[in-house]
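S.K.: Got a structure for you, protein-v4.txt, holding compact mmCIF, C-alpha atoms.
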# COMPACT_ATOMS: atom_id res chain seq x y z
CA MET A 10 28.86 12.29 -13.62
CA SER A 11 28.93 15.53 -11.66
CA ASP A 12 27.66 17.54 -14.64
CA ALA A 13 24.37 19.22 -13.70
CA ASN A 14 23.02 18.28 -17.14
CA LEU A 15 22.87 14.65 -15.99
CA PHE A 16 20.03 15.38 -13.56
CA ARG A 17 16.39 16.27 -14.16
CA ASP A 18 13.52 17.19 -11.88
CA ALA A 19 11.52 13.94 -11.86
CA SER A 20 8.47 15.73 -10.48
CA ASP A 21 8.32 18.18 -13.40
CA PRO A 22 4.83 17.53 -14.86
CA LEU A 23 6.06 18.51 -18.34
CA LEU A 24 8.86 15.92 -18.40
CA ARG A 25 8.30 13.20 -21.01
CA SER A 26 10.00 9.84 -21.49
CA TRP A 27 11.30 8.04 -24.55
CA VAL A 28 9.70 4.86 -23.16
CA ALA A 29 6.48 4.73 -25.20
CA SER A 30 4.27 3.10 -22.55
CA ALA A 31 5.35 5.69 -19.99
CA VAL A 32 3.55 8.47 -21.90
CA ASP A 33 0.24 6.60 -22.05
CA PRO A 34 -2.06 8.76 -19.90
CA GLN A 35 -3.65 5.63 -18.39
CA ASN A 36 -0.33 4.03 -17.44
CA ASP A 37 0.43 4.09 -13.71
CA PHE A 38 4.18 4.53 -14.13
CA PRO A 39 5.19 7.67 -16.04
CA ILE A 40 8.63 9.16 -15.64
CA GLN A 41 7.33 11.20 -12.70
CA ASN A 42 6.68 7.98 -10.74
CA LEU A 43 9.88 5.89 -10.90
CA ALA A 44 8.64 3.36 -8.36
CA TYR A 45 11.03 0.80 -6.88
CA GLY A 46 10.62 -2.94 -6.47
CA ILE A 47 12.47 -6.25 -6.46
CA ARG A 48 12.74 -8.31 -9.62
CA ASN A 49 15.02 -11.25 -10.33
CA GLY A 50 16.70 -10.77 -6.97
CA GLY A 51 17.70 -7.16 -7.53
CA VAL A 52 16.51 -3.59 -7.05
CA ALA A 53 14.48 -2.43 -10.04
CA VAL A 54 12.87 0.83 -11.12
CA ARG A 55 9.53 0.77 -12.96
CA ILE A 56 8.93 2.89 -16.07
CA GLY A 57 5.76 2.33 -18.09
CA ASP A 58 5.36 -1.39 -18.72
CA LYS A 59 9.10 -2.00 -18.34
CA TYR A 60 11.59 -2.12 -15.51
CA LEU A 61 15.31 -1.57 -15.24
CA LEU A 62 17.54 -3.51 -12.87
CA LEU A 63 19.78 -0.87 -11.30
CA LYS A 64 22.73 -3.27 -11.09
CA ASP A 65 22.53 -3.80 -14.86
CA ALA A 66 22.45 -0.05 -15.37
CA LEU A 67 25.43 0.36 -13.08
CA ASP A 68 27.44 -2.31 -14.90
CA ALA A 69 26.59 -0.78 -18.29
CA GLY A 70 27.75 2.66 -17.23
CA VAL A 71 24.25 4.14 -17.38
CA LEU A 72 24.47 4.97 -13.67
CA CYS A 73 27.51 6.02 -11.71
CA ALA A 74 28.64 4.16 -8.62
CA GLU A 75 28.77 7.25 -6.44
CA PHE A 76 26.33 10.00 -5.50
CA GLU A 77 26.93 12.68 -2.90
CA GLY A 78 30.26 11.03 -2.10
CA VAL A 79 28.55 7.71 -1.22
CA CYS A 80 29.41 4.54 -3.13
CA TRP A 81 26.55 2.16 -3.70
CA GLY A 82 26.87 -1.07 -5.60
CA ALA A 83 26.13 -4.80 -5.59
CA SER A 84 25.73 -4.97 -1.83
CA THR A 85 22.91 -2.43 -2.09
CA LEU A 86 21.32 -3.55 -5.34
CA GLN A 87 21.43 -7.37 -5.21
CA THR A 88 20.25 -8.18 -1.70
CA GLY A 89 16.76 -9.34 -2.67
CA SER A 90 15.09 -6.44 -0.84
CA LEU A 91 14.94 -2.66 -0.74
CA ASN A 92 16.16 -2.48 2.88
CA ALA A 93 19.78 -1.58 2.12
CA PHE A 94 18.71 0.72 -0.69
CA ALA A 95 16.29 2.58 1.61
CA LYS A 96 19.09 3.11 4.14
CA LEU A 97 20.88 5.35 1.65
CA SER A 98 20.59 8.97 2.70
CA ALA A 99 17.72 11.05 1.37
CA ALA A 100 20.25 13.18 -0.51
CA VAL A 101 21.72 10.15 -2.29
CA ARG A 102 18.30 8.78 -3.22
CA ALA A 103 17.18 12.20 -4.45
CA LYS A 104 20.24 12.48 -6.67
CA LEU A 105 19.65 8.95 -8.02
CA ARG A 106 16.01 9.75 -8.78
CA ALA A 107 17.03 12.91 -10.62
CA HIS A 108 19.61 10.96 -12.59
CA LEU A 109 17.09 8.24 -13.51
CA ALA A 110 14.77 10.99 -14.73
CA TRP A 111 17.59 12.19 -17.00
CA VAL A 112 18.21 8.63 -18.23
CA PHE A 113 14.56 8.11 -19.18
CA ALA A 114 13.81 11.64 -20.41
CA GLU A 115 12.93 12.24 -24.02
CA GLY A 116 16.11 12.98 -25.98
CA SER A 117 18.44 11.53 -23.36
CA PRO A 118 21.80 10.34 -24.76
CA ALA A 119 21.57 7.45 -22.28
CA ARG A 120 18.76 5.83 -24.30
CA ALA A 121 21.11 3.82 -26.53
CA LYS A 122 22.69 2.06 -23.54
CA THR A 123 19.51 1.83 -21.48
CA GLU A 124 16.89 0.58 -23.91
CA PRO A 125 18.46 -2.90 -24.38
CA LEU A 126 18.46 -3.33 -20.58
CA LEU A 127 14.71 -2.80 -20.16
CA ILE A 128 12.64 -5.87 -19.28
CA SER A 129 8.90 -6.26 -19.75
CA VAL A 130 6.98 -6.57 -16.48
CA ASP A 131 5.21 -9.53 -18.12
CA ALA A 132 8.42 -11.40 -18.97
CA PRO A 133 8.38 -15.05 -17.81
CA THR A 134 11.43 -14.54 -15.60
CA SER A 135 9.82 -11.60 -13.84
CA ASN A 136 7.94 -12.34 -10.64
CA ASP A 137 6.36 -9.94 -8.20
CA ALA A 138 8.15 -10.01 -4.88
CA ILE A 139 7.73 -8.41 -1.48
CA PRO A 140 9.86 -5.27 -1.86
CA PHE A 141 11.18 -5.15 1.71
CA VAL A 142 12.18 -7.66 4.34
CA VAL A 143 9.53 -6.55 6.81
CA GLY A 144 10.66 -6.77 10.40
CA ASP A 145 7.43 -5.45 11.87
CA TYR A 146 3.95 -4.76 10.54
CA THR A 147 1.35 -2.54 12.22
CA ASP A 148 -2.19 -2.02 10.99
CA PHE A 149 -4.16 1.08 11.97
CA TYR A 150 -7.87 1.90 12.06
CA ALA A 151 -7.63 5.45 10.72
CA SER A 152 -10.81 5.93 8.67
CA LEU A 153 -13.60 7.69 10.54
CA HIS A 154 -16.20 6.39 8.10
CA HIS A 155 -15.02 2.79 8.40
CA ALA A 156 -14.83 2.93 12.20
CA THR A 157 -18.29 4.51 12.39
CA ASN A 158 -19.84 1.97 10.03
CA VAL A 159 -18.39 -1.04 11.80
CA GLY A 160 -19.12 0.41 15.22
CA SER A 161 -22.73 1.08 14.33
CA MET A 162 -23.22 -2.56 13.34
CA PHE A 163 -22.20 -3.81 16.76
CA ARG A 164 -22.84 -0.76 18.98
CA PRO A 165 -25.68 1.18 17.30
CA THR A 166 -25.95 3.73 20.10
CA ASN A 167 -22.20 4.20 20.56
CA PRO A 168 -20.37 3.45 17.30
CA LEU A 169 -17.09 5.21 18.21
CA LEU A 170 -15.35 4.35 21.44
CA PRO A 171 -14.25 7.35 23.57
CA ASN A 172 -10.58 7.11 22.58
CA TRP A 173 -10.97 6.91 18.79
CA LYS A 174 -10.69 10.62 17.93
CA HIS A 175 -7.87 11.13 20.45
CA VAL A 176 -5.44 8.40 19.46
CA PRO A 177 -4.59 6.53 16.22
CA ILE A 178 -5.78 2.99 17.03
CA GLY A 179 -3.75 0.07 15.70
CA TYR A 180 -2.62 -3.49 16.29
CA HIS A 181 0.54 -5.43 15.53
CA GLY A 182 0.11 -7.73 12.55
CA ARG A 183 2.13 -10.70 11.42
CA ALA A 184 5.09 -9.79 9.20
CA SER A 185 5.80 -13.41 8.22
CA SER A 186 2.45 -13.80 6.44
CA ILE A 187 2.81 -10.74 4.19
CA VAL A 188 2.64 -12.01 0.61
CA ALA A 189 3.27 -10.52 -2.81
CA SER A 190 0.53 -9.51 -5.21
CA GLY A 191 -0.63 -12.50 -7.24
CA SER A 192 -0.19 -14.96 -4.39
CA THR A 193 -3.08 -17.26 -3.54
CA VAL A 194 -4.61 -17.10 -0.08
CA VAL A 195 -5.90 -20.23 1.64
CA ARG A 196 -9.17 -19.85 3.50
CA PRO A 197 -8.21 -19.99 7.18
CA LYS A 198 -9.59 -22.27 9.87
CA GLY A 199 -10.47 -21.12 13.34
CA GLN A 200 -13.00 -20.94 16.12
CA THR A 201 -16.42 -19.52 15.24
CA VAL A 202 -19.75 -19.40 17.06
CA ALA A 203 -23.39 -19.53 16.10
CA ASN A 204 -24.34 -17.47 19.16
CA ASP A 205 -22.41 -14.62 20.75
CA ASP A 206 -21.85 -16.59 23.96
CA GLY A 207 -20.64 -19.78 22.26
CA PRO A 208 -19.78 -22.56 22.47
CA PRO A 209 -17.34 -22.44 19.54
CA THR A 210 -16.65 -24.93 16.78
CA PHE A 211 -13.45 -25.23 14.74
CA GLY A 212 -13.42 -25.18 10.97
CA PRO A 213 -13.00 -23.06 7.82
CA SER A 214 -14.09 -19.44 8.03
CA LYS A 215 -17.40 -18.84 6.28
CA LEU A 216 -17.17 -15.03 6.32
CA MET A 217 -13.90 -14.24 4.57
CA ASP A 218 -13.36 -10.61 3.61
CA TYR A 219 -10.84 -8.19 2.14
CA GLU A 220 -9.85 -4.77 3.48
CA LEU A 221 -8.83 -1.99 1.09
CA GLU A 222 -5.84 -0.21 2.62
CA VAL A 223 -2.80 1.92 1.88
CA GLY A 224 0.52 1.02 3.47
CA PHE A 225 3.81 2.82 3.83
CA PHE A 226 7.36 1.68 4.54
CA VAL A 227 9.68 3.33 7.04
CA GLY A 228 12.80 4.65 5.33
CA GLU A 229 14.45 6.21 8.37
CA GLY A 230 13.96 4.82 11.83
CA ASN A 231 14.70 6.03 15.35
CA GLU A 232 16.70 4.65 18.24
CA LEU A 233 14.98 2.79 21.04
CA GLY A 234 13.80 5.26 23.65
CA THR A 235 13.59 8.19 21.22
CA THR A 236 10.65 9.52 19.22
CA ILE A 237 9.83 10.73 15.71
CA PRO A 238 8.30 14.23 15.92
CA VAL A 239 5.15 14.55 13.86
CA ALA A 240 6.60 17.52 11.95
CA GLN A 241 9.45 15.28 10.76
CA ALA A 242 7.55 12.02 10.32
CA TRP A 243 6.72 12.47 6.61
CA LYS A 244 10.46 12.56 5.82
CA HIS A 245 10.89 9.20 7.60
CA ILE A 246 8.61 7.49 5.05
CA PHE A 247 10.27 5.79 2.07
CA GLY A 248 7.17 5.09 0.00
CA PHE A 249 3.66 3.68 -0.30
CA VAL A 250 1.96 0.48 -1.47
CA LEU A 251 -1.55 -0.94 -1.63
CA VAL A 252 -2.51 -3.42 1.09
CA ASN A 253 -5.21 -6.07 1.29
CA ASP A 254 -5.65 -7.03 4.93
CA TRP A 255 -7.55 -10.30 4.48
CA SER A 256 -9.99 -10.89 7.34
CA ALA A 257 -12.06 -13.80 8.64
CA ARG A 258 -15.03 -11.95 10.11
CA ASP A 259 -16.63 -14.89 11.93
CA MET A 260 -13.33 -15.73 13.63
CA GLN A 261 -12.76 -12.05 14.41
CA LYS A 262 -16.16 -11.68 16.06
CA TRP A 263 -15.38 -14.47 18.56
CA GLU A 264 -11.75 -13.74 19.35
CA TYR A 265 -11.32 -9.96 19.28
CA GLN A 266 -12.37 -9.32 22.90
CA PRO A 267 -10.47 -8.25 24.92
CA LEU A 268 -7.16 -7.82 23.05
CA GLY A 269 -8.23 -7.22 19.46
CA PRO A 270 -7.45 -8.98 16.13
CA PHE A 271 -5.41 -12.19 16.17
CA LEU A 272 -5.90 -15.30 13.99
CA ALA A 273 -8.70 -13.65 12.04
CA LYS A 274 -6.17 -11.38 10.35
CA ASN A 275 -2.69 -12.86 10.56
CA PHE A 276 -3.11 -15.65 7.99
CA ALA A 277 -2.27 -13.38 5.00
CA THR A 278 -1.74 -9.75 4.02
CA THR A 279 -1.18 -8.95 0.34
CA ILE A 280 0.82 -5.92 -0.80
CA SER A 281 1.46 -4.42 -4.23
CA PRO A 282 4.98 -4.96 -5.60
CA TRP A 283 6.06 -1.44 -6.62
CA VAL A 284 6.80 1.11 -3.90
CA VAL A 285 5.72 4.59 -4.98
CA THR A 286 8.08 7.03 -3.29
CA ARG A 287 6.80 9.85 -1.13
CA GLU A 288 8.54 12.27 -3.50
CA ALA A 289 6.40 11.06 -6.39
CA LEU A 290 3.25 11.52 -4.30
CA GLU A 291 4.03 14.98 -2.93
CA PRO A 292 2.24 16.83 -5.78
CA PHE A 293 -0.94 15.03 -4.65
CA CYS A 294 -0.69 15.84 -0.95
CA VAL A 295 -3.79 17.48 0.48
CA ALA A 296 -4.88 18.69 3.87
CA GLY A 297 -6.58 16.14 6.07
CA PRO A 298 -10.37 16.34 6.32
CA PRO A 299 -11.55 19.25 8.46
CA ARG A 300 -12.56 18.31 11.98
CA SER A 301 -15.89 19.39 13.34
CA ALA A 302 -16.29 21.83 16.22
CA GLU A 303 -17.18 18.86 18.42
CA ASP A 304 -14.00 16.96 17.58
CA PRO A 305 -11.21 17.11 20.18
CA THR A 306 -8.04 18.99 19.34
CA PRO A 307 -5.18 16.52 18.92
CA LEU A 308 -2.66 16.47 21.72
CA PRO A 309 0.45 18.55 20.90
CA TYR A 310 2.57 15.57 19.82
CA LEU A 311 -0.07 14.71 17.19
CA GLN A 312 -0.61 18.19 15.80
CA ASP A 313 0.67 17.74 12.26
CA PRO A 314 1.65 21.18 10.88
CA HIS A 315 1.71 19.86 7.32
CA GLY A 316 -1.51 17.85 7.65
CA CYS A 317 -0.52 15.80 4.64
CA ASN A 318 -2.94 13.19 3.39
CA VAL A 319 -2.51 11.90 -0.16
CA ASP A 320 -5.31 12.10 -2.71
CA ILE A 321 -5.23 8.48 -3.89
CA THR A 322 -8.31 7.05 -5.62
CA LEU A 323 -8.70 3.41 -4.57
CA GLU A 324 -10.75 0.74 -6.34
CA VAL A 325 -11.69 -2.86 -5.57
CA THR A 326 -12.94 -5.39 -8.13
CA ILE A 327 -13.91 -9.03 -7.70
CA SER A 328 -14.05 -11.80 -10.28
CA SER A 329 -15.31 -15.32 -9.70
CA ALA A 330 -13.68 -18.38 -11.23
CA LYS A 331 -16.59 -18.60 -13.68
CA MET A 332 -16.18 -14.97 -14.70
CA ARG A 333 -12.53 -15.54 -15.52
CA ALA A 334 -13.33 -18.72 -17.43
CA ASP A 335 -16.04 -16.95 -19.44
CA GLY A 336 -13.99 -13.84 -20.09
CA ILE A 337 -16.26 -11.58 -18.02
CA ALA A 338 -14.60 -8.44 -16.70
CA PRO A 339 -14.21 -8.14 -12.91
CA THR A 340 -17.03 -6.34 -11.10
CA LEU A 341 -16.26 -2.99 -9.51
CA ILE A 342 -17.24 -3.24 -5.84
CA SER A 343 -16.08 0.05 -4.36
CA ARG A 344 -14.18 3.27 -5.04
CA ALA A 345 -12.84 5.40 -2.18
CA SER A 346 -10.18 8.05 -1.55
CA PHE A 347 -7.26 8.01 0.84
CA ARG A 348 -7.66 11.76 1.25
CA ASP A 349 -10.61 11.09 3.58
CA MET A 350 -8.53 9.45 6.33
CA PHE A 351 -9.00 11.01 9.77
CA TRP A 352 -5.39 10.32 10.81
CA THR A 353 -2.52 11.22 8.45
CA PRO A 354 0.47 8.97 7.74
CA ALA A 355 2.69 11.35 9.73
CA GLN A 356 0.38 11.12 12.73
CA MET A 357 0.29 7.33 12.56
CA LEU A 358 4.09 7.07 12.42
CA ALA A 359 4.68 9.71 15.08
CA HIS A 360 2.22 8.05 17.44
CA HIS A 361 3.79 4.63 16.88
CA ALA A 362 7.17 5.98 17.98
CA SER A 363 5.82 8.29 20.70
CA ASN A 364 6.47 5.82 23.49
CA GLY A 365 10.08 5.27 22.42
CA CYS A 366 9.32 2.33 20.11
CA ASN A 367 12.21 1.96 17.67
CA MET A 368 10.91 2.04 14.11
CA GLN A 369 13.24 0.36 11.63
CA VAL A 370 13.86 0.56 7.89
CA GLY A 371 11.37 -1.69 6.12
CA ASP A 372 8.72 -1.63 8.85
CA LEU A 373 5.28 -1.59 7.24
CA LEU A 374 2.44 0.54 8.57
CA ALA A 375 -1.02 0.18 7.03
CA SER A 376 -3.90 2.62 7.28
CA GLY A 377 -6.75 0.29 8.04
CA THR A 378 -9.77 0.03 5.74
CA VAL A 379 -10.29 3.12 3.58
CA SER A 380 -13.99 4.00 3.38
CA GLY A 381 -15.93 7.09 2.33
CA THR A 382 -19.36 8.49 3.03
CA THR A 383 -21.28 6.60 0.34
CA LYS A 384 -22.23 2.94 0.09
CA ASP A 385 -20.08 2.40 -3.00
CA SER A 386 -17.03 3.84 -1.20
CA ARG A 387 -17.02 1.30 1.63
CA GLY A 388 -13.71 -0.55 1.64
CA CYS A 389 -14.66 -4.09 2.73
CA LEU A 390 -17.54 -6.52 2.24
CA LEU A 391 -18.52 -6.32 5.90
CA GLU A 392 -19.50 -2.71 5.22
CA ARG A 393 -20.40 -3.01 1.54
CA THR A 394 -22.99 -5.74 2.17
CA TRP A 395 -23.79 -4.50 5.69
CA ARG A 396 -22.89 -7.76 7.46
CA GLY A 397 -24.24 -9.76 4.52
CA THR A 398 -27.76 -8.31 4.59
CA GLU A 399 -27.31 -6.39 1.30
CA PRO A 400 -25.58 -8.80 -1.11
CA ILE A 401 -23.72 -7.63 -4.22
CA THR A 402 -24.33 -9.16 -7.66
CA LEU A 403 -21.23 -10.03 -9.69
CA GLY A 404 -20.93 -10.00 -13.46
CA ASP A 405 -21.86 -13.70 -13.72
CA GLY A 406 -25.15 -13.13 -11.87
CA THR A 407 -24.04 -14.71 -8.60
CA GLU A 408 -24.38 -12.90 -5.29
CA ARG A 409 -21.69 -12.14 -2.75
CA ARG A 410 -22.12 -11.43 0.92
CA PHE A 411 -18.57 -12.52 1.67
CA LEU A 412 -15.81 -14.06 -0.46
CA GLN A 413 -16.18 -17.53 -1.94
CA ASP A 414 -13.44 -19.96 -2.95
CA GLY A 415 -12.04 -19.05 -6.35
CA ASP A 416 -12.81 -15.34 -6.01
CA GLU A 417 -10.01 -13.01 -7.03
CA VAL A 418 -9.81 -9.58 -5.40
CA ILE A 419 -7.95 -6.86 -7.32
CA MET A 420 -7.13 -3.48 -5.79
CA ARG A 421 -5.84 -0.49 -7.73
CA GLY A 422 -4.82 2.99 -6.70
CA TYR A 423 -3.92 6.12 -8.62
CA CYS A 424 -3.48 9.88 -8.19
CA GLU A 425 -4.88 12.35 -10.69
CA LYS A 426 -4.62 16.14 -10.75
CA ALA A 427 -5.06 18.74 -13.47
CA GLY A 428 -1.74 19.53 -15.10
CA PHE A 429 0.01 16.42 -13.75
CA PRO A 430 0.44 12.92 -15.19
CA ARG A 431 -1.39 10.09 -13.46
CA ILE A 432 0.68 8.36 -10.77
CA GLY A 433 -0.45 4.83 -9.92
CA PHE A 434 0.42 1.75 -7.93
CA GLY A 435 -0.42 -1.07 -10.32
CA GLU A 436 -2.37 -4.02 -8.95
CA CYS A 437 -2.63 -5.68 -5.56
CA LYS A 438 -4.39 -8.97 -6.20
CA GLY A 439 -5.01 -12.33 -4.59
CA GLN A 440 -7.21 -15.36 -5.14
CA VAL A 441 -9.01 -17.29 -2.39
CA LEU A 442 -8.31 -21.04 -2.27
CA PRO A 443 -10.30 -23.63 -0.31
CA SER A 444 -9.23 -24.41 3.22
CA LYS A 445 -6.69 -27.22 3.50
CA GLU A 446 -7.51 -30.46 5.29
How does this structure look as C-alpha cells?
M.R.:
Amino acid sequence: MSDANLFRDASDPLLRSWVASAVDPQNDFPIQNLAYGIRNGGVAVRIGDKYLLLKDALDAGVLCAEFEGVCWGASTLQTGSLNAFAKLSAAVRAKLRAHLAWVFAEGSPARAKTEPLLISVDAPTSNDAIPFVVGDYTDFYASLHHATNVGSMFRPTNPLLPNWKHVPIGYHGRASSIVASGSTVVRPKGQTVANDDGPPTFGPSKLMDYELEVGFFVGEGNELGTTIPVAQAWKHIFGFVLVNDWSARDMQKWEYQPLGPFLAKNFATTISPWVVTREALEPFCVAGPPRSAEDPTPLPYLQDPHGCNVDITLEVTISSAKMRADGIAPTLISRASFRDMFWTPAQMLAHHASNGCNMQVGDLLASGTVSGTTKDSRGCLLERTWRGTEPITLGDGTERRFLQDGDEVIMRGYCEKAGFPRIGFGECKGQVLPSKE
C-alpha cells in the first residue's frame, strides 16, 4: 500500500469517478468532495448518491490499516461519531483522502471490491446522524448585513453597537439539543409579552423562525490557557456543515437583555449530516469582503493573513403540509453567499481561543445568520418579512410572516467555480410540530 500509484489528488478538477451519480454536474458529492458522516454506527464517506462504510472497506482490503505509520481500525471507525477519526493527524487524513480518491477514480482496479460495498443514501437502514459528539457549541453573529438589518429594526438610529466591527460577537449554545437533518422540531413554550415592559405570559411561541447558517467543526484543539493563532486557525478546522439555528423571536425579544439568547434558541439546532472537509472547500476560498475606510483595523490577533472566506451559495425553501400533500414544490425564500461574512472562520476560531479557552475536537462553531445586501438574500424570516410586516406567499397561496406548524424548512449549500465540479452539502431540513401540552 506504499505504492505512489495508490494515491490521487482528490482536489484535481479533472478527476472523474466510476460512480455514475458522482459525475452528475448537479450532484453535491463528486469525487472531489468525499464528505464524511456517520451511518449505521460507523464512519462513512459520501460519493454521489452512495456511501461507503470505511470499516467495510478496511475489512475487504480496499483500504489499508496503516497510513503514515499510524494504525487506524475499528476503534476509530465504529465509535458512532467522527471524533476519534478527526483526531487522526492531518497527514494521515490527507493520505486517506488521496487513497479514497484512487479507489473511486475512473479505471481504478479497486472498483471490483468496492462497488458491492456501496450503500444508497436512501436505503431503509440508512439514517442521518449527528456526525460528531459535540462537547460545546458556539454561535456567532458574523454577518454585517444581518446585524445591520436586525439592529435597524430595534435601534433605527444606531443599528450596530460600538463593539461589533472590533470583535466577533457570539454566544454559547446548547450542544444537547443539536439534532440531525430530518428531525422534527417541537414549537417551544416560553415567556412572551404584548408590550415591551410586560407583564409576560407563558405559552407556545407565536413567532418561530429559522436562521440560515454555516457551521464548522474543530479538528485540532488547544490546551487550556493557550491560544490558536489566527494564521494557523484554518488548519484547526476539520470541516463544514449547514446549520439551522431555530429561533423563537417573541421569546427572544423578552429574554435577551442583558445576557443575550437563552431559551429562545436552545430548544433545537439542526445540522446537515455530511461534513465537507476544509480540503474540499479550499478551491473555493475567497478573500473576505473589503472593509471601508471608516471600518476599524482589526487588532493584531485578529488580522487574518489568508483572509479566507468560502464562496458557498446558500438557499432556503419552505413547504407547508398542504404543499407536500398536493405535490407542490417548496418555495424558495432566500439565496445568500457565505463569502459576504464580515468575520472569517479563522477569525471566529482564533477569537474564541484568544482568552485561553480550550477548543476540543468536535466543538461546533456556527457563523450566525448569513444575509446579503438584497431582500431575497436575507437569511431568516425576521429579516425577510421585516418583523412580519412584509409577508411571503408560499406555493399554496398562503402567507408566512413566521413559521407555522407543519412547515418544513430545507437549507442547501453548494460551491461553484469555472473549471471545477460543484461541491455541495446536501440538505439540512426540519419540520415544525405543534407545541406539546
S.K.: With distances taken over only C-alpha atoms, which of A:Phe293, A:Trp81, A:Phe226, A:Trp352 is nearest to A:Leu373?
M.R.: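 Closest candidate: A:Phe226.
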S.K.: Stretch 320-435 of chain A near stretch 182-195 of chain A within 9 Å: what's each residue's closest atom pair and its distance in Å to one decimal, counting only C-alpha atoms, ordered by chain then ascending residue number, as a Markdown table?
M.R.:
| residue | atom | partner | partner_atom | distance |
| --- | --- | --- | --- | --- |
| A:Asp372 | CA | A:Ala184 | CA | 8.9 |
| A:Leu373 | CA | A:Ala184 | CA | 8.4 |
| A:Asp414 | CA | A:Val195 | CA | 8.8 |
| A:Glu417 | CA | A:Thr193 | CA | 8.8 |
S.K.: Using only C-alpha atoms, pick whichever of A:Trp283, A:Lys215, A:Lys104, A:Pro133 has the shortest atom-to-atom distance to A:Arg410.
M.R.: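 Distance minimum relative to A:Arg410 lands on A:Lys215.
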S.K.: Between A:Trp27, A:Gly179, A:Glu77, A:Arg55, which one has atoms that come closest to A:Ala119, using all atoms listed in the file?
M.R.: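 Closest to A:Ala119 of all the choices is A:Trp27.
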S.K.: Give me the residues of stretch 173-262 of chain A that have any atom at most 12 Å from an atom of stretch 159-166 of chain A; for each, the nearest atom pair and the distance in Å, rounded to one decimal. Use all atoms listed in the file, sort by chain and number, and format it as a tab-separated table.
M.R.:
residue	atom	partner	partner_atom	distance
A:Trp173	CA	A:Gly160	CA	11.0
A:Asp205	CA	A:Phe163	CA	11.5
A:Arg258	CA	A:Val159	CA	11.5
A:Lys262	CA	A:Phe163	CA	9.9
S.K.: Please identify all polymer residues within 12 Å of A:Asp335, counting only C-alpha atoms, omitting same-chain residues fewer than 6 positions from it, and present them as a list in words.
M.R.: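 That gives Ser328, Ser329, Gly404 and Asp405 of chain A.
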S.K.: Nearest residue to A:Asn204 out of A:Val379, A:Trp263, A:Val319, A:Pro314, using all atoms listed in the file?
M.R.: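 That would be A:Trp263, the residue with the smallest distance to A:Asn204.
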S.K.: Taking into account all atoms listed in the file, which residue in the set A:Leu391, A:Ala31, A:Leu91, A:Leu72 is nearest to A:Ala53?
M.R.: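 Closest to A:Ala53 of all the choices is A:Leu91.
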S.K.: Need the shell around stretch 288-292 of chain A: protein/DNA/RNA residues with any atom at most 8 Å away, counting all atoms listed in the file. Skip same-chain ones fewer than 6 positions apart. Format as a PyMOL selection string?
M.R.: chain A and resi 20+41-43+319+424+432
S.K.: Using atom CA of A:Gly116 and atom CA of A:Ala66 as the two end points, give the distance in Å to one decimal.
M.R.: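 Going from atom CA of A:Gly116 over to atom CA of A:Ala66, I get 18.0 Å.
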S.K.: So that I can check the surroundings of A:Gly433, please list as an mmCIF file with C-alpha atoms, keeping the file's coordinate frame every protein, DNA and RNA residue that reaches within 10 Å of it, counting only C-alpha atoms and ignoring chain neighbours fewer than 5 positions away.
M.R.:
data_model
loop_
_atom_site.group_PDB
_atom_site.id
_atom_site.type_symbol
_atom_site.label_atom_id
_atom_site.label_comp_id
_atom_site.auth_asym_id
_atom_site.auth_seq_id
_atom_site.Cartn_x
_atom_site.Cartn_y
_atom_site.Cartn_z
ATOM 1 C CA GLN A 35 -3.650 5.630 -18.390
ATOM 2 C CA ASN A 36 -0.330 4.030 -17.440
ATOM 3 C CA ASP A 37 0.430 4.090 -13.710
ATOM 4 C CA PHE A 38 4.180 4.530 -14.130
ATOM 5 C CA PRO A 39 5.190 7.670 -16.040
ATOM 6 C CA ASN A 42 6.680 7.980 -10.740
ATOM 7 C CA ALA A 44 8.640 3.360 -8.360
ATOM 8 C CA VAL A 250 1.960 0.480 -1.470
ATOM 9 C CA TRP A 283 6.060 -1.440 -6.620
ATOM 10 C CA VAL A 285 5.720 4.590 -4.980
ATOM 11 C CA ALA A 289 6.400 11.060 -6.390
ATOM 12 C CA LEU A 290 3.250 11.520 -4.300
ATOM 13 C CA ILE A 321 -5.230 8.480 -3.890
ATOM 14 C CA THR A 322 -8.310 7.050 -5.620
ATOM 15 C CA LEU A 323 -8.700 3.410 -4.570
ATOM 16 C CA ARG A 421 -5.840 -0.490 -7.730
ATOM 17 C CA GLY A 422 -4.820 2.990 -6.700
ATOM 18 C CA TYR A 423 -3.920 6.120 -8.620
ATOM 19 C CA CYS A 424 -3.480 9.880 -8.190
ATOM 20 C CA GLU A 425 -4.880 12.350 -10.690
#
S.K.: So how far away is atom CA of A:Gly78 from atom CA of A:Thr235, in Å?
M.R.: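 So the answer is 28.8 Å.
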S.K.: Would you kindly return, as a list of chain:residue names, each protein, DNA or RNA residue with an atom no farther than 10 Å from any atom of A:Glu124, considering all atoms listed in the file and excluding same-chain residues fewer than 3 positions away?
M.R.: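 So, after excluding close chain neighbours, the residues are A:Trp27, A:Val28, A:Lys59, A:Leu61, A:Val112, A:Phe113, A:Ala119, A:Arg120, A:Ala121, A:Leu127, A:Ile128.
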S.K.: List the neighbours of A:Ala19 out to 7 Å using all atoms listed in the file; skip same-chain residues closer than 6 positions along the sequence, and give me the result as a VMD selection string.
M.R.: chain A and resid 40 to 41 106 to 107 110
S.K.: By how many Å are atom CA of A:Ile47 and atom CA of A:Gly248 apart?
M.R.: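 Here the two named atoms are 14.1 Å from each other.
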S.K.: For a quick check of understanding, using all atoms listed in the file, which of A:Ala359, A:Ala345, A:Val52, A:Ile419 has the smallest distance to A:Arg387?
M.R.: A:Ala345
S.K.: Place a sphere of radius 12 Å on (-3.0, 3.6, 12.9) in the file coordinates and name every protein, DNA or RNA residue with an atom inside or on its surface, counting only C-alpha atoms; give the answer as number ranges by chain.
M.R.: A: 146-153, 156, 173-182, 222-225, 350-362, 373-379
S.K.: Counting only C-alpha atoms, which residues have an atom no more than 12 Å from (12.9, -9.0, -20.6) in the file's coordinates? Please list them as a VMD selection string.
M.R.: chain A and resid 48 to 49 58 to 62 124 to 136
